[in-house]
>>> print(open('work_15.pdb').read())   # PDB, C-alpha atoms and all ligand atoms
ATOM      1  CA  MET L 396      23.489  -9.825 182.871  1.00  0.00           C
ATOM      2  CA  LYS L 397      22.563  -6.910 180.630  1.00  0.00           C
ATOM      3  CA  TYR L 398      20.419  -5.454 183.408  1.00  0.00           C
ATOM      4  CA  ARG L 399      23.276  -5.598 185.910  1.00  0.00           C
ATOM      5  CA  LYS L 400      25.597  -3.885 183.486  1.00  0.00           C
ATOM      6  CA  ASN L 401      23.149  -1.031 182.997  1.00  0.00           C
ATOM      7  CA  LEU L 402      22.748  -0.700 186.716  1.00  0.00           C
ATOM      8  CA  ALA L 403      26.492  -0.441 187.128  1.00  0.00           C
ATOM      9  CA  ARG L 404      26.757   2.189 184.446  1.00  0.00           C
ATOM     10  CA  THR L 405      24.130   4.411 186.023  1.00  0.00           C
ATOM     11  CA  GLY L 406      25.146   3.553 189.565  1.00  0.00           C
ATOM     12  CA  ASN L 407      26.375   6.067 192.102  1.00  0.00           C
ATOM     13  CA  SER L 408      30.017   6.142 191.153  1.00  0.00           C
ATOM     14  CA  ASN L 409      29.322   7.042 187.534  1.00  0.00           C
ATOM     15  CA  ASN L 410      26.372   9.258 188.324  1.00  0.00           C
ATOM     16  CA  PHE L 411      28.365  11.317 190.743  1.00  0.00           C
ATOM     17  CA  ILE L 412      29.650  14.478 189.145  1.00  0.00           C
ATOM     18  CA  ASN L 413      32.033  16.513 191.167  1.00  0.00           C
ATOM     19  CA  GLU L 414      30.769  20.070 190.975  1.00  0.00           C
ATOM     20  CA  ILE L 415      33.160  21.705 193.422  1.00  0.00           C
ATOM     21  CA  GLY L 416      34.661  24.809 191.869  1.00  0.00           C
ATOM     22  CA  GLN L 417      32.060  24.955 189.087  1.00  0.00           C
ATOM     23  CA  ARG L 418      30.238  28.195 188.452  1.00  0.00           C
ATOM     24  CA  TYR L 419      26.579  28.438 187.571  1.00  0.00           C
ATOM     25  CA  GLY L 420      25.454  32.015 187.123  1.00  0.00           C
ATOM     26  CA  LYS L 421      26.314  33.773 190.357  1.00  0.00           C
ATOM     27  CA  LEU L 422      26.860  30.523 192.228  1.00  0.00           C
ATOM     28  CA  THR L 423      30.198  28.845 192.858  1.00  0.00           C
ATOM     29  CA  VAL L 424      30.026  25.333 194.217  1.00  0.00           C
ATOM     30  CA  ILE L 425      32.086  25.177 197.404  1.00  0.00           C
ATOM     31  CA  ALA L 426      31.202  21.879 199.028  1.00  0.00           C
ATOM     32  CA  GLU L 427      29.193  18.725 198.769  1.00  0.00           C
ATOM     33  CA  GLY L 428      25.867  19.063 200.543  1.00  0.00           C
ATOM     34  CA  GLU L 429      23.695  16.420 202.096  1.00  0.00           C
ATOM     35  CA  ASN L 430      21.647  14.474 199.600  1.00  0.00           C
ATOM     36  CA  TYR L 431      18.052  15.459 199.250  1.00  0.00           C
ATOM     37  CA  ARG L 432      16.172  12.195 198.784  1.00  0.00           C
ATOM     38  CA  ASN L 433      18.391  10.594 196.135  1.00  0.00           C
ATOM     39  CA  ASP L 434      19.647  13.786 194.584  1.00  0.00           C
ATOM     40  CA  ALA L 435      23.143  15.055 195.169  1.00  0.00           C
ATOM     41  CA  CYS L 436      23.128  18.536 196.628  1.00  0.00           C
ATOM     42  CA  TRP L 437      25.802  21.165 196.560  1.00  0.00           C
ATOM     43  CA  VAL L 438      26.632  24.011 198.841  1.00  0.00           C
ATOM     44  CA  CYS L 439      27.135  27.094 196.700  1.00  0.00           C
ATOM     45  CA  ARG L 440      28.349  30.536 197.493  1.00  0.00           C
ATOM     46  CA  CYS L 441      26.529  33.290 195.685  1.00  0.00           C
ATOM     47  CA  ASP L 442      28.317  36.401 194.457  1.00  0.00           C
ATOM     48  CA  CYS L 443      26.237  38.394 196.943  1.00  0.00           C
ATOM     49  CA  GLY L 444      27.854  36.481 199.829  1.00  0.00           C
ATOM     50  CA  SER L 445      24.997  34.146 200.738  1.00  0.00           C
ATOM     51  CA  THR L 446      25.342  30.396 200.685  1.00  0.00           C
ATOM     52  CA  VAL L 447      22.648  28.095 199.434  1.00  0.00           C
ATOM     53  CA  THR L 448      22.278  24.357 198.995  1.00  0.00           C
ATOM     54  CA  VAL L 449      21.117  23.419 195.521  1.00  0.00           C
ATOM     55  CA  ARG L 450      20.347  20.097 193.941  1.00  0.00           C
ATOM     56  CA  GLY L 451      22.861  19.060 191.286  1.00  0.00           C
ATOM     57  CA  PHE L 452      20.334  18.680 188.499  1.00  0.00           C
ATOM     58  CA  SER L 453      18.968  22.171 189.217  1.00  0.00           C
ATOM     59  CA  LEU L 454      22.451  23.546 188.715  1.00  0.00           C
ATOM     60  CA  ARG L 455      23.095  21.574 185.551  1.00  0.00           C
ATOM     61  CA  ARG L 456      19.712  22.480 184.080  1.00  0.00           C
ATOM     62  CA  ARG L 457      20.593  26.111 184.936  1.00  0.00           C
ATOM     63  CA  ASP L 458      17.375  26.393 186.916  1.00  0.00           C
ATOM     64  CA  THR L 459      19.217  27.891 189.825  1.00  0.00           C
ATOM     65  CA  LYS L 460      21.596  30.733 189.065  1.00  0.00           C
ATOM     66  CA  SER L 461      21.727  32.560 192.374  1.00  0.00           C
ATOM     67  CA  CYS L 462      20.657  32.339 196.001  1.00  0.00           C
ATOM     68  CA  GLY L 463      17.510  34.151 194.940  1.00  0.00           C
ATOM     69  CA  CYS L 464      19.079  37.589 194.791  1.00  0.00           C
ATOM     70  CA  ILE L 465      18.878  37.750 190.971  1.00  0.00           C
ATOM     71  CA  GLN L 466      15.131  37.654 191.255  1.00  0.00           C
ATOM     72  CA  LYS L 467      15.175  40.288 193.995  1.00  0.00           C
ATOM     73  CA  GLU L 468      17.358  42.550 191.858  1.00  0.00           C
ATOM     74  CA  THR L 469      15.076  42.138 188.879  1.00  0.00           C
ATOM     75  CA  THR L 470      12.045  43.006 190.971  1.00  0.00           C
ATOM     76  CA  ALA L 471      13.841  45.987 192.488  1.00  0.00           C
ATOM     77  CA  ASN L 472      14.863  47.216 189.054  1.00  0.00           C
ATOM     78  CA  ARG L 473      11.350  46.872 187.754  1.00  0.00           C
ATOM     79  CA  ASN L 474       9.937  48.780 190.699  1.00  0.00           C
ATOM     80  CA  ARG L 475      12.520  51.483 190.321  1.00  0.00           C
ATOM     81  CA  LEU L 476      11.707  51.927 186.657  1.00  0.00           C
ATOM     82  CA  SER L 477       7.969  51.831 186.731  1.00  0.00           C
ATOM     83  CA  ALA L 478       6.813  52.860 190.179  1.00  0.00           C
ATOM     84  CA  ASN L 479       7.081  55.957 192.242  1.00  0.00           C
ATOM     85  CA  PRO L 480       8.860  54.772 195.420  1.00  0.00           C
ATOM     86  CA  LYS L 481       6.886  57.224 197.532  1.00  0.00           C
ATOM     87  CA  LYS L 482       3.661  55.826 196.209  1.00  0.00           C
ATOM     88  CA  GLU L 483       4.874  52.317 196.978  1.00  0.00           C
ATOM     89  CA  GLU L 484       5.684  53.395 200.531  1.00  0.00           C
ATOM     90  CA  LEU L 485       2.289  54.990 201.035  1.00  0.00           C
ATOM     91  CA  ARG L 486       0.635  51.989 199.547  1.00  0.00           C
ATOM     92  CA  ASN L 487       2.393  49.665 201.999  1.00  0.00           C
ATOM     93  CA  LYS L 488       1.414  51.934 204.857  1.00  0.00           C
ATOM     94  CA  ALA L 489      -2.191  51.950 203.730  1.00  0.00           C
ATOM     95  CA  PHE L 490      -2.104  48.170 203.297  1.00  0.00           C
ATOM     96  CA  ASP L 491      -0.920  47.735 206.877  1.00  0.00           C
ATOM     97  CA  LEU L 492      -3.772  49.868 208.176  1.00  0.00           C
ATOM     98  CA  ARG L 493      -6.230  48.075 205.916  1.00  0.00           C
ATOM     99  CA  ASN L 494      -4.976  44.752 207.259  1.00  0.00           C
ATOM    100  CA  SER L 495      -5.529  45.959 210.804  1.00  0.00           C
ATOM    101  CA  GLY L 496      -9.192  46.388 209.874  1.00  0.00           C
ATOM    102  CA  LEU L 497      -9.538  50.079 209.031  1.00  0.00           C
ATOM    103  CA  SER L 498     -11.868  51.262 206.289  1.00  0.00           C
ATOM    104  CA  PHE L 499     -10.659  53.455 203.427  1.00  0.00           C
ATOM    105  CA  GLY L 500     -12.166  56.457 205.214  1.00  0.00           C
ATOM    106  CA  GLN L 501     -10.441  55.628 208.507  1.00  0.00           C
ATOM    107  CA  ILE L 502      -7.107  55.189 206.733  1.00  0.00           C
ATOM    108  CA  ALA L 503      -7.637  58.572 205.063  1.00  0.00           C
ATOM    109  CA  ASP L 504      -8.318  60.116 208.486  1.00  0.00           C
ATOM    110  CA  GLN L 505      -5.152  58.522 209.891  1.00  0.00           C
ATOM    111  CA  PHE L 506      -3.070  59.803 206.996  1.00  0.00           C
ATOM    112  CA  THR L 507      -4.536  63.283 207.363  1.00  0.00           C
ATOM    113  CA  LYS L 508      -3.989  63.275 211.142  1.00  0.00           C
ATOM    114  CA  GLN L 509      -0.397  62.090 210.749  1.00  0.00           C
ATOM    115  CA  GLY L 510       0.253  64.776 208.154  1.00  0.00           C
ATOM    116  CA  VAL L 511       1.259  62.217 205.558  1.00  0.00           C
ATOM    117  CA  PRO L 512       2.111  64.201 202.424  1.00  0.00           C
ATOM    118  CA  THR L 513      -0.259  63.420 199.573  1.00  0.00           C
ATOM    119  CA  LEU L 514       1.013  62.215 196.244  1.00  0.00           C
ATOM    120  CA  SER L 515       0.869  65.735 194.898  1.00  0.00           C
ATOM    121  CA  GLY L 516       3.610  66.481 197.422  1.00  0.00           C
ATOM    122  CA  LYS L 517       1.624  68.938 199.520  1.00  0.00           C
ATOM    123  CA  GLU L 518       2.259  68.609 203.259  1.00  0.00           C
ATOM    124  CA  SER L 519      -0.729  68.284 205.572  1.00  0.00           C
ATOM    125  CA  SER L 520      -3.225  67.927 202.771  1.00  0.00           C
ATOM    126  CA  LYS L 521      -6.437  66.112 203.371  1.00  0.00           C
ATOM    127  CA  TRP L 522      -6.651  62.484 202.407  1.00  0.00           C
ATOM    128  CA  TYR L 523      -9.904  61.080 201.095  1.00  0.00           C
ATOM    129  CA  ALA L 524     -11.292  57.559 201.202  1.00  0.00           C
ATOM    130  CA  SER L 525     -11.353  57.562 197.412  1.00  0.00           C
ATOM    131  CA  THR L 526      -7.619  58.372 197.282  1.00  0.00           C
ATOM    132  CA  ILE L 527      -6.836  55.501 199.659  1.00  0.00           C
ATOM    133  CA  LYS L 528      -9.013  53.197 197.631  1.00  0.00           C
ATOM    134  CA  TRP L 529      -7.247  54.273 194.463  1.00  0.00           C
ATOM    135  CA  LEU L 530      -3.846  53.809 196.148  1.00  0.00           C
ATOM    136  CA  LEU L 531      -4.708  50.284 197.229  1.00  0.00           C
ATOM    137  CA  THR L 532      -6.352  49.112 194.048  1.00  0.00           C
ATOM    138  CA  ASN L 533      -4.301  50.885 191.410  1.00  0.00           C
ATOM    139  CA  ASN L 534      -1.806  48.544 189.834  1.00  0.00           C
ATOM    140  CA  LEU L 535       1.747  49.832 190.206  1.00  0.00           C
ATOM    141  CA  GLU L 536       2.787  48.335 186.871  1.00  0.00           C
TER     142      GLU L 536
HETATM  143 ZN    ZN P 601      22.856  35.940 195.978  1.00  0.00          ZN
END
>>> encode(input="work_15.pdb", output="structure tokens")
Amino acid sequence: MKYRKNLARTGNSNNFINEIGQRYGKLTVIAEGENYRNDACWVCRCDCGSTVTVRGFSLRRRDTKSCGCIQKETTANRNRLSANPKKEELRNKAFDLRNSGLSFGQIADQFTKQGVPTLSGKESSKWYASTIKWLLTNNLE
């Protein structure tokens, strides 16, 4: 008897918390989502305009506070504060070439040929393998 009572107390009807209209960080719950396994899920609209489906316990534990854009903003802010955007751009470019199988020297030749401005800002300067290597291995933090 005791067991049945406990079951009833923790059963679906009592476990179900209506979250519609609740706000969690940047998320506003707008609709009930489909359950994920046995967890209630909620469709939330983020302040940035995206919608995401989040599990109820993630919301209530405050694990999920946005569609993921908070994290993107934080990363963007960090990059803006501590990294030269031009360097980041060059680094990505060099990474792409590196991924396509070019050596540091070949990447340097490509950069020189394309007239990619060096970090000192001089147009049509010569790039060296060592500079590419430094660009790719130097930590932007
Ligand atoms: Zn968002």
>>> residues_near_ligand(input="work_15.pdb", ligand="ligand ZN 601 (chain P)", cutoff="6 Å", atoms="only C-alpha atoms and all ligand atoms", output="PDB file with C-alpha atoms, in the frame of the given file")
ATOM      1  CA  CYS L 441      26.529  33.290 195.685  1.00  0.00           C
ATOM      2  CA  ASP L 442      28.317  36.401 194.457  1.00  0.00           C
ATOM      3  CA  CYS L 443      26.237  38.394 196.943  1.00  0.00           C
ATOM      4  CA  SER L 445      24.997  34.146 200.738  1.00  0.00           C
ATOM      5  CA  SER L 461      21.727  32.560 192.374  1.00  0.00           C
ATOM      6  CA  CYS L 462      20.657  32.339 196.001  1.00  0.00           C
ATOM      7  CA  GLY L 463      17.510  34.151 194.940  1.00  0.00           C
ATOM      8  CA  CYS L 464      19.079  37.589 194.791  1.00  0.00           C
TER       9      CYS L 464
END
>>> atom_distance(input="work_15.pdb", atom1="CA of Lys421 (chain L)", atom2="CA of Lys460 (chain L)")
5.8 Å
>>> residues_around(input="work_15.pdb", residues="region 447-451 of chain L", least_positions_apart="4", cutoff="6 Å", atoms="only C-alpha atoms", output="list of chain:residue names")
L:Ala435, L:Cys436, L:Trp437, L:Val438, L:Cys439, L:Cys462
>>> write_last_selection(input="work_15.pdb", atoms="C-alpha atoms", output="JSON list (two decimals), keeping the file's coordinate frame")
[["chain", "number", "residue", "atom", "x", "y", "z"],
["L", 435, "ALA", "CA", 23.14, 15.06, 195.17],
["L", 436, "CYS", "CA", 23.13, 18.54, 196.63],
["L", 437, "TRP", "CA", 25.80, 21.16, 196.56],
["L", 438, "VAL", "CA", 26.63, 24.01, 198.84],
["L", 439, "CYS", "CA", 27.14, 27.09, 196.70],
["L", 462, "CYS", "CA", 20.66, 32.34, 196.00]]
>>> residues_around(input="work_15.pdb", residues="Leu531 (chain L)", least_positions_apart="6", cutoff="10 Å", atoms="only C-alpha atoms", output="PDB file with C-alpha atoms, in the coordinates of the input")
ATOM      1  CA  GLU L 483       4.874  52.317 196.978  1.00  0.00           C
ATOM      2  CA  LEU L 485       2.289  54.990 201.035  1.00  0.00           C
ATOM      3  CA  ARG L 486       0.635  51.989 199.547  1.00  0.00           C
ATOM      4  CA  ASN L 487       2.393  49.665 201.999  1.00  0.00           C
ATOM      5  CA  LYS L 488       1.414  51.934 204.857  1.00  0.00           C
ATOM      6  CA  ALA L 489      -2.191  51.950 203.730  1.00  0.00           C
ATOM      7  CA  PHE L 490      -2.104  48.170 203.297  1.00  0.00           C
ATOM      8  CA  ARG L 493      -6.230  48.075 205.916  1.00  0.00           C
ATOM      9  CA  PHE L 499     -10.659  53.455 203.427  1.00  0.00           C
ATOM     10  CA  SER L 525     -11.353  57.562 197.412  1.00  0.00           C
TER      11      SER L 525
END
>>> closest_residue(input="work_15.pdb", among="L:Asn433, L:Arg455, L:Asp504, L:Ile425", to="Ile412 (chain L)", atoms="only C-alpha atoms")
L:Arg455
>>> closest_residue(input="work_15.pdb", among="L:Lys482, L:Arg456, L:Gln501, L:Arg440", to="Asn533 (chain L)", atoms="all atoms listed in the file")
L:Lys482
>>> closest_residue(input="work_15.pdb", among="L:Phe506, L:Thr459, L:Asp491, L:Gly500", to="Arg418 (chain L)", atoms="all atoms listed in the file")
L:Thr459
>>> atom_distance(input="work_15.pdb", atom1="CA of Asp458 (chain L)", atom2="CA of Ala471 (chain L)")
20.7 Å
>>> atom_distance(input="work_15.pdb", atom1="CA of Glu484 (chain L)", atom2="CA of Leu514 (chain L)")
10.9 Å
>>> resolve_selection(input="work_15.pdb", expression="the PyMOL selection byres (((chain L and resi 513) around 12) and not hetatm)", output="MDAnalysis selection string")
chainID L and resid 481:482 484:486 503 506:507 509:512 514:523 526:527 530
>>> axis_aligned_box(input="work_15.pdb", around="region 428-444 of chain L", padding_each_side="3 Å", output="AutoDock Vina command-line options")
--center_x 22.3 --center_y 24.5 --center_z 198.3 --size_x 18.2 --size_y 33.8 --size_z 13.6
>>> closest_residue(input="work_15.pdb", among="L:Glu468, L:Asn430, L:Leu454, L:Lys528", to="Gln417 (chain L)", atoms="only C-alpha atoms")
L:Leu454
